[in-house]
Amino acid sequence: PCFHTLTHHTSRSSSASRLYLLCLFSSSSDADLCFRSFNTMFSAVARKSVRSVAASVPVRRVAVRSFATEEAHRPVISLHGLAARYANATYVAASKAKALDKVESELNGLLAAASESPAFSGFLENPLIPREEKAVEIEKLLKEKKVSDITINLCTTLAGNARLNELPKVATTFGQLMKAKRGQVDATIISADALTKKETDQIAAAIKATSKGAQEVVISSKVDPGIIGGIQVQIGDQFLDLSIRSRIEELSRTPV
């Protein structure tokens, strides 16, 4: 299978635990490499992007309180791109209104409608409908469904900017922000052979132990015989390749 065992060691000089993932490359140096790769990758994926207020020198007490309050409503992870800009702004607005769960539910409903209804999907995608008309129509539709003002504002803003076709991506990105808030990490594990439950649990435990703030790890498994052995791990846009195929390719590029 993908690896032999997962061994947990506790350092005498620190309470922090070390995790070694012993892959098919069973030498101790390869095990150390696997650990360092996991630790670097998963810590970066789950790290909270909260800027330190203490680093700035306050001029007025009121300004400091305002800045701290604003920081408290920011997403716990930083996502980038067009969809992320709208999702981040919506998250902040929903957090201030204490409506994060409600907005998430509404956006999930719109995402499902875009996937299941050709008429609604066509409306979102149609570039021939003037942006002003789209804004009016989407606002009317959502008010009839008694959707929150925050979700309505998001959709009308997208329509006004000729970006309503991006709504499904924005909804998906908002969902990622909410998962991060709950401490949920989604990981895809690619292996040459199907993983056993024990192996899947061990990988999930390794990810959770090396991911700051992770409360739950959800594993999605895929089988690709082409990687020969070992595993590949995908979390968001982060990719870790511990497959035998990658090692062979690396060796083939090494000058003799």
# chains A, B, ... in the order shown; residues from 1 in each chain; ligands from 1
>>> residues_around(residues="range 136-141 of chain A", least_positions_apart="6", cutoff="9 Å", atoms="only C-alpha atoms", output="list in words")
Ile152, Asn153, Cys155, Thr156 and Ala159 of chain A
>>> write_last_selection(atoms="all heavy atoms", output="PDB file, in the first residue's frame")
ATOM      1  N   ILE A 152     -28.722  39.435  -1.131  1.00  0.00           N
ATOM      2  CA  ILE A 152     -29.273  40.253  -2.217  1.00  0.00           C
ATOM      3  C   ILE A 152     -28.247  41.276  -2.671  1.00  0.00           C
ATOM      4  O   ILE A 152     -28.038  41.479  -3.886  1.00  0.00           O
ATOM      5  CB  ILE A 152     -30.574  40.959  -1.763  1.00  0.00           C
ATOM      6  CG1 ILE A 152     -31.693  39.941  -1.562  1.00  0.00           C
ATOM      7  CG2 ILE A 152     -31.000  42.017  -2.786  1.00  0.00           C
ATOM      8  CD1 ILE A 152     -32.978  40.541  -1.003  1.00  0.00           C
ATOM      9  N   ASN A 153     -27.576  41.914  -1.733  1.00  0.00           N
ATOM     10  CA  ASN A 153     -26.566  42.911  -2.080  1.00  0.00           C
ATOM     11  C   ASN A 153     -25.419  42.292  -2.874  1.00  0.00           C
ATOM     12  O   ASN A 153     -24.915  42.891  -3.839  1.00  0.00           O
ATOM     13  CB  ASN A 153     -26.022  43.557  -0.812  1.00  0.00           C
ATOM     14  CG  ASN A 153     -25.030  44.665  -1.113  1.00  0.00           C
ATOM     15  OD1 ASN A 153     -25.363  45.656  -1.753  1.00  0.00           O
ATOM     16  ND2 ASN A 153     -23.792  44.492  -0.660  1.00  0.00           N
ATOM     17  N   CYS A 155     -25.582  39.643  -4.860  1.00  0.00           N
ATOM     18  CA  CYS A 155     -26.047  39.293  -6.206  1.00  0.00           C
ATOM     19  C   CYS A 155     -26.273  40.523  -7.079  1.00  0.00           C
ATOM     20  O   CYS A 155     -25.934  40.519  -8.273  1.00  0.00           O
ATOM     21  CB  CYS A 155     -27.328  38.461  -6.117  1.00  0.00           C
ATOM     22  SG  CYS A 155     -27.087  36.823  -5.382  1.00  0.00           S
ATOM     23  N   THR A 156     -26.834  41.574  -6.520  1.00  0.00           N
ATOM     24  CA  THR A 156     -27.051  42.789  -7.313  1.00  0.00           C
ATOM     25  C   THR A 156     -25.727  43.470  -7.652  1.00  0.00           C
ATOM     26  O   THR A 156     -25.581  44.061  -8.724  1.00  0.00           O
ATOM     27  CB  THR A 156     -27.967  43.778  -6.565  1.00  0.00           C
ATOM     28  OG1 THR A 156     -27.433  44.041  -5.258  1.00  0.00           O
ATOM     29  CG2 THR A 156     -29.371  43.204  -6.434  1.00  0.00           C
ATOM     30  N   ALA A 159     -24.293  41.482 -10.467  1.00  0.00           N
ATOM     31  CA  ALA A 159     -25.024  41.803 -11.697  1.00  0.00           C
ATOM     32  C   ALA A 159     -24.620  43.173 -12.225  1.00  0.00           C
ATOM     33  O   ALA A 159     -24.401  43.354 -13.426  1.00  0.00           O
ATOM     34  CB  ALA A 159     -26.530  41.754 -11.439  1.00  0.00           C
TER      35      ALA A 159
END
>>> select_by_dssp(residues="range 145-178 of chain A", states="helix (DSSP H, G or I)", output="list in words")
Asp149, Ile150, Thr151, Ile152, Asn153, Leu154, Cys155, Thr156, Thr157, Leu158, Ala159, Gly160, Leu164, Asn165, Glu166, Leu167, Pro168, Lys169, Val170, Ala171, Thr172, Thr173, Phe174, Gly175, Gln176, Leu177 and Met178 of chain A
>>> closest_residue(among="A:Val256, A:Ile207, A:Val217, A:Ala89", to="Thr157 in chain A", atoms="only C-alpha atoms")
A:Ala89
>>> atom_distance(atom1="CA of Tyr86 in chain A", atom2="CA of Ala112 in chain A")
18.8 Å
>>> closest_residue(among="A:Val185, A:Ile190, A:Leu164, A:Leu195", to="Ile129 in chain A", atoms="only C-alpha atoms")
A:Leu164
>>> residues_around(residues="range 167-182 of chain A", least_positions_apart="3", cutoff="9 Å", atoms="only C-alpha atoms", output="MDAnalysis selection string")
chainID A and resid 46 48 75:79 82:88 90:91 100:101 104 107:108 110:112 114:115 124 154:155 158 163:164 185:186 213:216
